[in-house]
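See below for model-v4.cif, which holds mmCIF, C-alpha atoms and all ligand atoms.
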```cif
data_my_file
loop_
_atom_site.label_atom_id
_atom_site.label_comp_id
_atom_site.auth_asym_id
_atom_site.auth_seq_id
_atom_site.Cartn_x
_atom_site.Cartn_y
_atom_site.Cartn_z
CA MET A 210 3.40 -15.95 16.44
CA VAL A 211 0.83 -13.16 16.32
CA LYS A 212 -2.53 -14.64 15.32
CA VAL A 213 -4.17 -12.38 12.73
CA GLY A 214 -7.73 -11.97 11.47
CA ILE A 215 -8.81 -9.78 8.56
CA VAL A 216 -12.36 -8.52 8.13
CA GLY A 217 -12.97 -7.57 4.51
CA GLY A 218 -10.49 -9.87 2.78
CA THR A 219 -11.92 -9.55 -0.72
CA GLY A 220 -11.17 -5.83 -1.05
CA TYR A 221 -7.99 -4.19 -2.27
CA THR A 222 -6.58 -3.37 1.16
CA GLY A 223 -7.57 -6.86 2.33
CA VAL A 224 -5.65 -8.61 -0.42
CA GLU A 225 -2.73 -6.23 0.12
CA LEU A 226 -2.67 -7.17 3.82
CA MET A 227 -2.52 -10.82 2.81
CA ARG A 228 0.26 -10.21 0.25
CA LEU A 229 2.42 -8.51 2.87
CA LEU A 230 1.54 -10.83 5.78
CA ALA A 231 2.36 -13.87 3.64
CA ARG A 232 6.03 -12.78 3.80
CA HIS A 233 5.93 -11.82 7.51
CA ASP A 234 7.41 -14.61 9.60
CA GLY A 235 6.08 -13.29 12.93
CA VAL A 236 2.40 -13.87 12.18
CA SER A 237 -0.05 -16.64 11.36
CA LEU A 238 -3.22 -15.93 9.43
CA HIS A 239 -6.20 -17.26 11.37
CA ALA A 240 -9.24 -16.02 9.43
CA ILE A 241 -10.14 -13.87 6.41
CA THR A 242 -13.75 -12.80 6.12
CA SER A 243 -16.08 -12.16 3.26
CA ARG A 244 -19.83 -12.07 3.43
CA LYS A 245 -20.27 -12.71 -0.29
CA GLU A 246 -17.50 -15.25 -0.94
CA ALA A 247 -17.57 -17.33 2.25
CA GLY A 248 -16.33 -20.85 1.52
CA MET A 249 -14.23 -19.88 -1.49
CA PRO A 250 -10.47 -20.49 -1.14
CA VAL A 251 -8.68 -17.14 -0.95
CA ALA A 252 -6.24 -18.25 -3.67
CA GLU A 253 -9.12 -19.00 -6.02
CA MET A 254 -10.19 -15.38 -5.95
CA TYR A 255 -6.60 -14.08 -5.82
CA PRO A 256 -4.29 -16.51 -7.67
CA SER A 257 -1.35 -14.26 -6.73
CA LEU A 258 -1.71 -15.84 -3.28
CA ARG A 259 -1.58 -19.48 -4.48
CA GLY A 260 1.02 -21.27 -2.39
CA HIS A 261 1.06 -18.41 0.13
CA VAL A 262 -2.42 -18.35 1.71
CA ASP A 263 -4.27 -21.65 2.07
CA LEU A 264 -7.33 -20.37 3.95
CA ALA A 265 -10.84 -20.02 2.59
CA PHE A 266 -12.95 -16.93 3.24
CA SER A 267 -15.34 -17.31 6.16
CA THR A 268 -18.29 -15.18 7.17
CA PRO A 269 -17.52 -12.59 9.87
CA GLN A 270 -19.80 -14.64 12.18
CA ASP A 271 -17.93 -17.95 11.59
CA ALA A 272 -14.43 -16.49 11.67
CA GLN A 273 -13.91 -16.84 15.45
CA LEU A 274 -12.12 -13.52 15.47
CA GLN A 275 -12.06 -13.49 19.27
CA GLN A 276 -9.31 -16.13 19.08
CA CYS A 277 -7.02 -13.69 17.28
CA ASP A 278 -4.37 -11.47 18.83
CA VAL A 279 -5.16 -8.71 16.35
CA VAL A 280 -7.94 -8.05 13.84
CA PHE A 281 -7.58 -5.71 10.87
CA PHE A 282 -10.78 -4.10 9.59
CA ALA A 283 -10.31 -3.60 5.84
CA THR A 284 -13.96 -2.62 5.54
CA PRO A 285 -15.95 0.45 4.54
CA ASN A 286 -16.40 3.27 7.05
CA GLY A 287 -18.90 2.50 9.79
CA ILE A 288 -18.20 -1.24 10.30
CA ALA A 289 -15.39 -1.32 12.87
CA MET A 290 -17.12 1.20 15.12
CA SER A 291 -19.89 -1.38 15.73
CA GLU A 292 -17.66 -4.44 16.06
CA ALA A 293 -14.51 -3.29 17.83
CA THR A 294 -15.91 -3.24 21.37
CA ALA A 295 -16.64 -6.99 21.54
CA LEU A 296 -13.16 -7.79 20.24
CA LEU A 297 -11.41 -5.39 22.60
CA ASP A 298 -13.40 -6.81 25.51
CA ALA A 299 -12.13 -10.27 24.51
CA GLY A 300 -8.54 -9.01 24.64
CA VAL A 301 -8.10 -8.70 20.86
CA ARG A 302 -6.29 -5.65 19.51
CA VAL A 303 -7.90 -3.86 16.59
CA ILE A 304 -6.48 -1.92 13.65
CA ASP A 305 -9.12 -0.10 11.60
CA LEU A 306 -8.05 0.80 8.06
CA ALA A 307 -11.23 2.84 7.65
CA ALA A 308 -11.91 6.21 9.24
CA ASP A 309 -14.13 5.28 12.21
CA PHE A 310 -11.65 6.32 14.89
CA ARG A 311 -9.53 8.91 13.09
CA ILE A 312 -11.32 12.14 14.03
CA ARG A 313 -11.28 13.01 17.71
CA ASP A 314 -14.24 15.38 17.49
CA VAL A 315 -17.15 12.95 17.08
CA ALA A 316 -19.58 15.65 15.89
CA GLU A 317 -17.09 16.66 13.22
CA TRP A 318 -16.72 12.99 12.16
CA GLU A 319 -20.50 12.59 11.97
CA LYS A 320 -20.75 15.69 9.79
CA TRP A 321 -18.14 14.52 7.26
CA TYR A 322 -19.07 10.82 7.23
CA GLY A 323 -22.86 11.29 7.27
CA MET A 324 -23.63 8.73 10.00
CA SER A 325 -23.97 8.55 13.76
CA HIS A 326 -20.98 7.16 15.60
CA ALA A 327 -21.74 3.80 17.26
CA SER A 328 -18.94 3.92 19.84
CA PRO A 329 -17.83 7.48 20.58
CA ALA A 330 -16.11 6.37 23.81
CA LEU A 331 -13.61 4.37 21.77
CA VAL A 332 -12.63 7.41 19.71
CA ALA A 333 -10.94 8.91 22.76
CA GLU A 334 -8.97 5.73 23.33
CA ALA A 335 -7.90 5.09 19.74
CA VAL A 336 -4.36 6.02 18.72
CA TYR A 337 -3.84 7.62 15.31
CA GLY A 338 -1.48 5.21 13.60
CA LEU A 339 1.10 7.43 11.97
CA PRO A 340 4.30 5.91 13.42
CA GLU A 341 6.47 8.86 12.43
CA VAL A 342 4.43 10.96 14.87
CA ASN A 343 2.87 8.62 17.45
CA ARG A 344 5.32 5.74 17.76
CA GLU A 345 5.34 5.42 21.56
CA ALA A 346 1.54 5.65 21.90
CA ILE A 347 1.11 3.04 19.15
CA ARG A 348 3.28 0.58 21.10
CA GLN A 349 0.78 0.74 24.00
CA ALA A 350 -2.43 0.89 21.96
CA ARG A 351 -5.33 -1.58 21.91
CA LEU A 352 -7.07 0.26 19.07
CA ILE A 353 -5.42 1.91 16.08
CA ALA A 354 -7.03 4.36 13.68
CA ASN A 355 -4.93 3.72 10.59
CA PRO A 356 -4.50 6.99 8.66
CA GLY A 357 -6.10 7.67 5.30
CA CYS A 358 -4.06 7.48 2.13
CA TYR A 359 -4.08 11.18 1.21
CA PRO A 360 -3.58 12.18 4.87
CA THR A 361 -0.45 10.01 5.06
CA ALA A 362 1.18 11.60 2.00
CA VAL A 363 0.13 15.13 2.96
CA GLN A 364 0.99 15.02 6.65
CA LEU A 365 4.42 13.46 6.12
CA GLY A 366 5.11 16.12 3.50
CA PHE A 367 4.12 19.10 5.64
CA LEU A 368 5.22 17.84 9.07
CA PRO A 369 8.84 19.09 9.16
CA LEU A 370 7.69 22.58 8.14
CA ILE A 371 4.79 22.71 10.59
CA GLU A 372 6.68 21.25 13.54
CA ALA A 373 9.49 23.77 13.04
CA GLY A 374 7.00 26.63 12.68
CA VAL A 375 8.75 27.93 9.55
CA VAL A 376 5.68 28.32 7.31
CA ASN A 377 2.42 30.21 7.42
CA ALA A 378 0.13 27.41 8.61
CA GLU A 379 -3.02 29.28 7.61
CA SER A 380 -2.49 29.07 3.86
CA LEU A 381 -1.30 25.58 3.02
CA ILE A 382 -2.19 23.98 -0.31
CA ALA A 383 -2.25 20.25 -1.05
CA ASP A 384 -2.76 19.36 -4.71
CA CYS A 385 -3.06 15.56 -4.75
CA LYS A 386 -3.46 12.84 -7.37
CA SER A 387 -4.53 9.28 -6.68
CA GLY A 388 -4.65 6.04 -8.61
CA VAL A 389 -8.03 4.37 -9.00
CA SER A 390 -7.40 1.56 -6.47
CA GLY A 391 -7.87 4.29 -3.85
CA ALA A 392 -11.59 3.98 -4.50
CA GLY A 393 -11.58 0.27 -3.54
CA ARG A 394 -12.80 -2.79 -5.45
CA LYS A 395 -16.52 -2.16 -5.23
CA ALA A 396 -18.24 -1.51 -8.55
CA GLU A 397 -18.64 2.22 -9.21
CA VAL A 398 -19.17 3.96 -12.53
CA HIS A 399 -16.46 6.57 -12.01
CA ALA A 400 -13.86 3.82 -11.56
CA LEU A 401 -14.66 2.01 -14.84
CA LEU A 402 -11.84 1.89 -17.41
CA CYS A 403 -13.87 3.96 -19.90
CA GLU A 404 -14.49 6.63 -17.26
CA ALA A 405 -11.14 6.80 -15.46
CA GLY A 406 -8.82 5.66 -18.25
CA ASP A 407 -7.27 8.28 -20.54
CA ASN A 408 -8.75 10.96 -18.29
CA PHE A 409 -7.74 13.28 -15.44
CA LYS A 410 -10.10 15.13 -13.17
CA ALA A 411 -10.39 16.83 -9.81
CA TYR A 412 -13.07 15.87 -7.31
CA GLY A 413 -14.07 16.81 -3.79
CA VAL A 414 -12.98 20.43 -4.34
CA ALA A 415 -15.75 21.81 -2.11
CA GLY A 416 -14.69 19.52 0.71
CA HIS A 417 -13.26 16.00 0.99
CA ARG A 418 -13.53 13.88 4.17
CA HIS A 419 -9.74 13.73 4.45
CA LEU A 420 -9.60 17.49 5.03
CA PRO A 421 -10.52 17.35 8.75
CA GLU A 422 -8.13 14.43 9.26
CA ILE A 423 -5.17 16.30 7.75
CA ARG A 424 -6.05 19.52 9.60
CA GLN A 425 -6.30 17.65 12.91
CA GLY A 426 -2.89 16.00 12.50
CA LEU A 427 -1.05 19.13 11.40
CA ALA A 428 -2.72 21.32 14.03
CA SER A 429 -1.57 18.90 16.69
CA ALA A 430 1.98 18.93 15.28
CA GLY A 431 2.16 22.71 15.09
CA GLY A 432 0.08 23.64 18.11
CA ALA A 433 -2.07 26.05 16.10
CA PRO A 434 -5.07 25.85 13.73
CA ILE A 435 -4.38 24.93 10.12
CA GLY A 436 -5.78 26.57 7.02
CA LEU A 437 -5.61 24.08 4.15
CA THR A 438 -6.89 23.94 0.61
CA PHE A 439 -6.95 20.25 -0.34
CA VAL A 440 -7.87 19.21 -3.88
CA PRO A 441 -7.74 15.50 -4.82
CA HIS A 442 -7.59 14.31 -8.42
CA LEU A 443 -8.20 10.93 -10.01
CA THR A 444 -5.47 9.78 -12.39
CA PRO A 445 -5.55 6.80 -14.78
CA MET A 446 -3.10 4.65 -12.86
CA ILE A 447 -3.84 1.74 -10.54
CA ARG A 448 -1.68 2.53 -7.51
CA GLY A 449 -0.02 5.62 -6.18
CA ILE A 450 -0.57 9.04 -4.66
CA HIS A 451 1.40 12.10 -5.69
CA ALA A 452 0.95 15.08 -3.39
CA THR A 453 2.28 18.45 -4.48
CA LEU A 454 2.29 20.65 -1.39
CA TYR A 455 2.75 24.43 -1.23
CA ALA A 456 3.54 26.60 1.79
CA ARG A 457 4.87 30.12 2.33
CA LEU A 458 8.03 30.34 4.45
CA ASN A 459 8.01 32.90 7.26
CA ARG A 460 11.80 32.89 7.62
CA ASP A 461 14.84 31.88 5.64
CA VAL A 462 15.62 28.24 6.36
CA ASP A 463 17.55 25.37 4.78
CA VAL A 464 14.51 23.25 3.96
CA GLN A 465 16.60 20.36 2.65
CA ALA A 466 18.48 20.06 5.95
CA LEU A 467 15.22 20.44 7.89
CA PHE A 468 13.64 17.47 6.10
CA GLU A 469 16.77 15.34 6.25
CA GLN A 470 17.08 15.88 10.00
CA ARG A 471 13.39 15.26 10.71
CA TYR A 472 13.37 11.92 8.93
CA ALA A 473 16.95 10.77 9.54
CA GLN A 474 15.79 7.90 11.75
CA GLU A 475 12.68 7.01 9.75
CA ARG A 476 13.25 3.99 7.55
CA PHE A 477 9.96 4.44 5.71
CA VAL A 478 10.43 8.09 4.78
CA ASP A 479 13.05 8.80 2.15
CA VAL A 480 14.15 12.40 1.68
CA MET A 481 15.67 12.60 -1.78
CA PRO A 482 18.62 14.85 -2.71
CA ALA A 483 17.84 18.50 -3.48
CA GLY A 484 16.28 18.97 -6.89
CA SER A 485 14.81 15.46 -7.12
CA LEU A 486 11.43 14.57 -8.55
CA PRO A 487 9.88 11.53 -6.81
CA GLU A 488 7.72 9.28 -8.95
CA THR A 489 4.80 7.12 -7.83
CA ARG A 490 6.36 4.11 -9.57
CA SER A 491 9.39 4.42 -7.28
CA VAL A 492 7.19 3.38 -4.31
CA ARG A 493 4.87 0.94 -6.11
CA GLY A 494 4.29 -2.05 -3.82
CA GLY A 495 6.61 -0.66 -1.11
CA ASN A 496 5.99 0.98 2.27
CA THR A 497 8.08 4.08 1.61
CA CYS A 498 6.95 7.69 1.48
CA ARG A 499 9.45 9.37 -0.84
CA ILE A 500 9.81 13.12 -0.53
CA ALA A 501 11.63 15.93 -2.30
CA VAL A 502 11.59 19.55 -1.19
CA HIS A 503 12.08 22.56 -3.46
CA ARG A 504 12.28 26.36 -3.26
CA PRO A 505 11.64 27.43 -6.85
CA GLN A 506 13.89 30.34 -7.84
CA GLY A 507 15.06 30.48 -4.22
CA GLY A 508 11.84 32.25 -3.28
CA ASP A 509 9.80 31.96 -0.12
CA THR A 510 7.35 29.40 -1.49
CA VAL A 511 8.35 25.89 -0.54
CA VAL A 512 7.10 23.04 -2.72
CA VAL A 513 7.12 19.53 -1.27
CA LEU A 514 6.61 16.50 -3.51
CA SER A 515 5.44 13.44 -1.56
CA VAL A 516 4.63 10.04 -3.08
CA ILE A 517 3.28 6.83 -1.56
CA ASP A 518 1.62 3.65 -2.69
CA ASN A 519 -1.94 4.22 -1.43
CA LEU A 520 -2.41 0.50 -0.70
CA VAL A 521 0.89 0.11 1.21
CA LYS A 522 2.12 3.15 3.18
CA GLY A 523 -1.38 4.58 2.58
CA ALA A 524 -3.16 1.53 4.06
CA ALA A 525 -2.02 -2.11 4.52
CA GLY A 526 1.73 -1.53 4.93
CA GLN A 527 1.22 1.21 7.49
CA ALA A 528 -1.28 -1.04 9.30
CA ILE A 529 1.37 -3.79 9.52
CA GLN A 530 3.97 -1.23 10.67
CA ASN A 531 1.51 -0.38 13.47
CA MET A 532 0.92 -4.06 14.29
CA ASN A 533 4.68 -4.61 14.56
CA LEU A 534 4.95 -1.75 17.04
CA MET A 535 1.96 -2.97 19.08
CA PHE A 536 3.41 -6.48 19.43
CA GLY A 537 7.04 -5.52 20.05
CA LEU A 538 8.18 -6.87 16.69
CA PRO A 539 10.83 -5.11 14.57
CA GLU A 540 8.96 -2.17 13.04
CA GLY A 541 9.90 -3.10 9.48
CA GLN A 542 9.21 -6.83 9.71
CA GLY A 543 7.41 -8.00 6.58
CA LEU A 544 7.87 -4.59 4.99
CA ASP A 545 11.36 -4.86 3.55
CA ILE A 546 10.12 -4.56 -0.02
CA VAL A 547 11.89 -3.18 -3.08
CA PRO A 548 9.20 -1.33 -5.09
CA LEU A 549 8.20 -2.71 -8.48
CA LEU A 550 9.65 -0.62 -11.32
CA PRO A 551 8.95 -0.28 -14.20
N1 LIG A 601 -8.09 1.59 -1.26
C1 LIG A 601 -7.23 2.39 -0.64
O1 LIG A 601 -6.24 2.85 -1.25
C2 LIG A 601 -7.43 2.75 0.78
C3 LIG A 601 -8.52 2.34 1.50
N2 LIG A 601 -8.68 2.70 2.81
C4 LIG A 601 -9.85 2.28 3.57
O2 LIG A 601 -9.78 0.89 3.83
C5 LIG A 601 -11.09 0.35 3.85
C6 LIG A 601 -11.15 -0.79 2.83
O3 LIG A 601 -10.86 -0.24 1.56
P1 LIG A 601 -10.79 -1.12 0.25
O4 LIG A 601 -10.09 -2.39 0.52
O5 LIG A 601 -10.28 -0.23 -0.81
O6 LIG A 601 -12.35 -1.42 0.03
P2 LIG A 601 -13.02 -2.49 -0.91
O7 LIG A 601 -14.32 -1.91 -1.34
O8 LIG A 601 -12.05 -2.93 -1.95
O9 LIG A 601 -13.30 -3.73 0.09
C7 LIG A 601 -14.17 -3.65 1.17
C8 LIG A 601 -14.25 -5.01 1.88
O10 LIG A 601 -15.12 -4.92 2.99
C9 LIG A 601 -16.03 -6.04 3.00
N3 LIG A 601 -17.27 -5.54 3.59
C10 LIG A 601 -18.11 -4.62 3.07
N4 LIG A 601 -19.12 -4.37 3.92
C11 LIG A 601 -18.92 -5.17 5.01
C12 LIG A 601 -19.64 -5.39 6.21
N5 LIG A 601 -20.77 -4.74 6.48
N6 LIG A 601 -19.14 -6.28 7.11
C13 LIG A 601 -18.00 -6.96 6.85
N7 LIG A 601 -17.29 -6.79 5.71
C14 LIG A 601 -17.74 -5.92 4.79
C15 LIG A 601 -16.11 -6.47 1.55
O11 LIG A 601 -16.26 -7.86 1.41
P3 LIG A 601 -17.63 -8.65 1.35
O12 LIG A 601 -18.63 -7.71 0.73
O13 LIG A 601 -17.35 -9.86 0.55
O14 LIG A 601 -17.93 -8.97 2.79
C16 LIG A 601 -14.71 -6.15 1.03
O15 LIG A 601 -13.85 -7.23 1.26
C17 LIG A 601 -12.07 1.47 3.51
O16 LIG A 601 -12.59 2.00 4.71
C18 LIG A 601 -11.18 2.49 2.82
O17 LIG A 601 -11.68 3.78 2.97
C19 LIG A 601 -7.73 3.41 3.45
C20 LIG A 601 -6.61 3.85 2.80
C21 LIG A 601 -6.39 3.56 1.40
C1 LIG A 602 -9.31 7.60 -5.55
C2 LIG A 602 -10.31 7.62 -4.41
O1 LIG A 602 -11.50 7.53 -4.62
N1 LIG A 602 -9.82 7.73 -3.19
C3 LIG A 602 -10.64 7.74 -2.02
C4 LIG A 602 -9.82 7.92 -0.78
C5 LIG A 602 -9.13 6.70 -0.36
C6 LIG A 602 -9.78 6.00 0.80
O2 LIG A 602 -9.94 4.82 0.74
O3 LIG A 602 -10.19 6.70 1.86
P1 LIG A 602 -9.67 6.48 3.35
O4 LIG A 602 -8.20 6.67 3.27
O5 LIG A 602 -10.36 7.51 4.16
O6 LIG A 602 -10.01 5.17 3.89
C7 LIG A 602 -11.59 8.91 -2.02
O7 LIG A 602 -11.23 10.00 -2.43
O8 LIG A 602 -12.68 8.76 -1.46
#
```

What is this file in structure tokens?
Ligand SMILES: NC(=O)C1=CN([C@@H]2O[C@H](COP(=O)(O)OP(=O)(O)OC[C@H]3O[C@@H](n4cnc5c(N)ncnc54)[C@H](OP(=O)(O)O)[C@@H]3O)[C@@H](O)[C@H]2O)C=CC1
Ligand SMILES: CC(=O)N[C@@H](CCC(=O)OP(=O)(O)O)C(=O)O
Amino acid sequence: MVKVGIVGGTGYTGVELMRLLARHDGVSLHAITSRKEAGMPVAEMYPSLRGHVDLAFSTPQDAQLQQCDVVFFATPNGIAMSEATALLDAGVRVIDLAADFRIRDVAEWEKWYGMSHASPALVAEAVYGLPEVNREAIRQARLIANPGCYPTAVQLGFLPLIEAGVVNAESLIADCKSGVSGAGRKAEVHALLCEAGDNFKAYGVAGHRHLPEIRQGLASAGGAPIGLTFVPHLTPMIRGIHATLYARLNRDVDVQALFEQRYAQERFVDVMPAGSLPETRSVRGGNTCRIAVHRPQGGDTVVVLSVIDNLVKGAAGQAIQNMNLMFGLPEGQGLDIVPLLP
């Protein structure tokens, strides 16, 4: 049994980790932390976990995380970078759901995240946890930088085109929409029902912190710099990301066959039949990225539609997929979920 600790168990990715791990028969939950709710039974805060998780929250100091085999950080940016070293030194593997280890250029990370990096040496060691790209490195990793939610949907959507070199990589467009749970559980005015409900708006148009992460991943896949316009939007739904991606083909290619071949062996990427329109509700609660690829009017613009559940393939599910790889477990263990529809 893999002994698991979770730092940040009261947040949305924390409770999603617990929901998924409760059905994973290769792990035992050792500790779930909360600074504010220490002592409270987890199932009192989240009755959905009654009968599944019988632990109480403990403070990060009392959680004895060094006894774990793996610790997930489901915390805001800037926490894991200060706490990972002690755990790694104690032989614990670490999966950070935040962005502390995602950007290889530390100065670039500091610019976008507005803080100094506490452990730049670990950035070089961390493996970017997108299994469809880095599977073998993930198996060997001590420290995983779990990808962001938008970066997961956007990179999986563009990857077949970039890897094959069939599009102009300098003029990509990613027009993305997210549900409000992407902003986490912390109280913020823009996430209130009366602000986000019955409303639709763009944000981060001038520059969003996921831009350097997406550019880094696609540049590595294509071996050349990426030019990307990335515009996120907030939609009045709870879960889900819908990415509409545009690229200009530089040669005539069967894009449907390209995508089907690229993801033929990937159980968590579903390439739909030509002409399909993936919906966020078709992945709700599941670890699948569902993709459809179009060439409107047979022209040279390719439109990729990519949907994920931001809390599952965009966060907790992908983190568990990475844990499975790190510990030699079947990659899909605990993730064999039929999405919840309607
Ligand atoms: N929501 C999403 O869809 C996605 C989120 N992520 C990333 O995952 C991380 C967690 O996100 P999410 O669950 O939404 O966030 P939430 O705001 O919902 O939860 C954050 C959690 O972190 C804990 N926490 C806050 N500060 C500290 C601290 N200094 N030390 C220890 N624990 C702390 C909080 O608990 P308490 O205050 O009780 O200690 C809480 O449990 C973030 O970095 C986010 O960017 C990544 C992909 C998708
Ligand atoms: C809707 C919403 O607010 N989404 C968040 C991104 C999701 C997230 O948690 O960011 P990471 O993936 O980097 O951890 C945002 O735009 O800031």

Computed interatomic separation between CA of Asp309 (chain A) and CA of Pro329 (chain A) (Å): 9.4 Å

So, counting only C-alpha atoms, which residue among A:Lys386, A:His451, A:His503, A:Arg348 is closest to Met481 (chain A)? A:His503

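Relative to CA of Gln364 (chain A), CA of Ile500 (chain A) is found at 11.5 Å.
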
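Distance check against ligand LIG 601 (chain A) using all atoms listed in the file: of A:Thr510, A:Gln465, A:Asn519, A:Asn377, the minimum falls on A:Asn519.
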
Identify, on the basis of all atoms listed in the file, every residue whose closest approach to Ile447 (chain A) does not exceed 6 Å; exclude the query and any residue fewer than 3 positions from it along the same chain; express the result as a JSON list (two decimals) with C-alpha atoms, in the coordinates of the input.
```json
[["chain", "number", "residue", "atom", "x", "y", "z"],
["A", 388, "GLY", "CA", -4.65, 6.04, -8.61],
["A", 389, "VAL", "CA", -8.03, 4.37, -9.00],
["A", 390, "SER", "CA", -7.40, 1.56, -6.47]]
```

List all protein, DNA and RNA residues that have at least one atom no more than 8 Å from any atom of ligand LIG 602 (chain A), counting all atoms listed in the file, and write them as a ChimeraX atom specification. /A:285-286,306-308,356-360,387-393,412-413,417-419,441-443,519,523-524

Shell around Leu514 (chain A) at 7 Å using only C-alpha atoms, local window under 2 positions removed, as a PDB file with C-alpha atoms, in the frame of the given file:
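Wrote it out as part.pdb, contents follow:
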```pdb
ATOM      1  CA  ALA A 452       0.950  15.080  -3.390  1.00  0.00           C
ATOM      2  CA  THR A 453       2.280  18.450  -4.480  1.00  0.00           C
ATOM      3  CA  LEU A 454       2.290  20.650  -1.390  1.00  0.00           C
ATOM      4  CA  PRO A 487       9.880  11.530  -6.810  1.00  0.00           C
ATOM      5  CA  ILE A 500       9.810  13.120  -0.530  1.00  0.00           C
ATOM      6  CA  ALA A 501      11.630  15.930  -2.300  1.00  0.00           C
ATOM      7  CA  VAL A 502      11.590  19.550  -1.190  1.00  0.00           C
ATOM      8  CA  VAL A 512       7.100  23.040  -2.720  1.00  0.00           C
ATOM      9  CA  VAL A 516       4.630  10.040  -3.080  1.00  0.00           C
TER      10      VAL A 516
END
```

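You will find CA of Arg244 (chain A) at 15.0 Å from atom O3 of ligand LIG 601 (chain A).
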
Residues near Ala428 (chain A), anyone? I mean within 12 Å using all atoms listed in the file, not counting same-chain ones fewer than 3 positions away, as a PDB file with C-alpha atoms, in the frame of the given file.
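What ended up in out.pdb:
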```
ATOM      1  CA  GLN A 364       0.990  15.020   6.650  1.00  0.00           C
ATOM      2  CA  PHE A 367       4.120  19.100   5.640  1.00  0.00           C
ATOM      3  CA  LEU A 368       5.220  17.840   9.070  1.00  0.00           C
ATOM      4  CA  ILE A 371       4.790  22.710  10.590  1.00  0.00           C
ATOM      5  CA  GLU A 372       6.680  21.250  13.540  1.00  0.00           C
ATOM      6  CA  GLY A 374       7.000  26.630  12.680  1.00  0.00           C
ATOM      7  CA  ALA A 378       0.130  27.410   8.610  1.00  0.00           C
ATOM      8  CA  GLU A 379      -3.020  29.280   7.610  1.00  0.00           C
ATOM      9  CA  LEU A 381      -1.300  25.580   3.020  1.00  0.00           C
ATOM     10  CA  LEU A 420      -9.600  17.490   5.030  1.00  0.00           C
ATOM     11  CA  PRO A 421     -10.520  17.350   8.750  1.00  0.00           C
ATOM     12  CA  GLU A 422      -8.130  14.430   9.260  1.00  0.00           C
ATOM     13  CA  ILE A 423      -5.170  16.300   7.750  1.00  0.00           C
ATOM     14  CA  ARG A 424      -6.050  19.520   9.600  1.00  0.00           C
ATOM     15  CA  GLN A 425      -6.300  17.650  12.910  1.00  0.00           C
ATOM     16  CA  GLY A 431       2.160  22.710  15.090  1.00  0.00           C
ATOM     17  CA  GLY A 432       0.080  23.640  18.110  1.00  0.00           C
ATOM     18  CA  ALA A 433      -2.070  26.050  16.100  1.00  0.00           C
ATOM     19  CA  PRO A 434      -5.070  25.850  13.730  1.00  0.00           C
ATOM     20  CA  ILE A 435      -4.380  24.930  10.120  1.00  0.00           C
ATOM     21  CA  GLY A 436      -5.780  26.570   7.020  1.00  0.00           C
ATOM     22  CA  LEU A 437      -5.610  24.080   4.150  1.00  0.00           C
TER      23      LEU A 437
END
```

Which residues are near Thr294 (chain A)? Cut-off 10 Å, only C-alpha atoms, ignore same chain within fewer than 3 positions. Put them as a count of residues only. 13

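Distances from A:Ala466, A:Ile382, A:Ile288, A:Leu274 to ligand LIG 601 (chain A) were compared using all atoms listed in the file, and the smallest one belongs to A:Ile288.
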
Neighbouring residues of Arg228 (chain A) were defined as those with any atom within 9 Å, considering all atoms listed in the file; residues of the same chain fewer than 5 positions away were excluded. Please report them as a PyMOL selection string. chain A and resi 223+257-258+261-262

Could you turn the residues from that selection into a file that holds C-alpha atoms, as a short mmCIF file (atom, residue, chain, number, x, y, z; two decimals), in the coordinates of the input?
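Saved as again36.cif:
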```cif
data_model
loop_
_atom_site.label_atom_id
_atom_site.label_comp_id
_atom_site.auth_asym_id
_atom_site.auth_seq_id
_atom_site.Cartn_x
_atom_site.Cartn_y
_atom_site.Cartn_z
CA GLY A 223 -7.57 -6.86 2.33
CA SER A 257 -1.35 -14.26 -6.73
CA LEU A 258 -1.71 -15.84 -3.28
CA HIS A 261 1.06 -18.41 0.13
CA VAL A 262 -2.42 -18.35 1.71
#
```

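Nearest to Gln276 (chain A) of all the residues A:Ile347, A:Ala316, A:Val211, A:Val521 is A:Val211, based on only C-alpha atoms.
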
Where atoms are missing, can you supply N, CA and C atoms for region 308-314 of chain A and output the lot as an mmCIF file, in the coordinates of the input?
```cif
data_model
loop_
_atom_site.group_PDB
_atom_site.id
_atom_site.type_symbol
_atom_site.label_atom_id
_atom_site.label_comp_id
_atom_site.auth_asym_id
_atom_site.auth_seq_id
_atom_site.Cartn_x
_atom_site.Cartn_y
_atom_site.Cartn_z
ATOM 1 N N ALA A 308 -12.073 4.914 8.560
ATOM 2 C CA ALA A 308 -11.910 6.210 9.240
ATOM 3 C C ALA A 308 -12.656 6.314 10.564
ATOM 4 N N ASP A 309 -13.205 5.189 11.076
ATOM 5 C CA ASP A 309 -14.130 5.280 12.210
ATOM 6 C C ASP A 309 -13.548 5.950 13.446
ATOM 7 N N PHE A 310 -12.241 5.802 13.648
ATOM 8 C CA PHE A 310 -11.650 6.320 14.890
ATOM 9 C C PHE A 310 -10.609 7.404 14.635
ATOM 10 N N ARG A 311 -10.597 7.955 13.429
ATOM 11 C CA ARG A 311 -9.530 8.910 13.090
ATOM 12 C C ARG A 311 -9.759 10.322 13.617
ATOM 13 N N ILE A 312 -11.018 10.741 13.696
ATOM 14 C CA ILE A 312 -11.320 12.140 14.030
ATOM 15 C C ILE A 312 -11.743 12.222 15.492
ATOM 16 N N ARG A 313 -11.030 12.995 16.266
ATOM 17 C CA ARG A 313 -11.280 13.010 17.710
ATOM 18 C C ARG A 313 -12.598 13.699 18.065
ATOM 19 N N ASP A 314 -12.984 14.661 17.261
ATOM 20 C CA ASP A 314 -14.240 15.380 17.490
ATOM 21 C C ASP A 314 -15.366 14.570 16.812
#
```
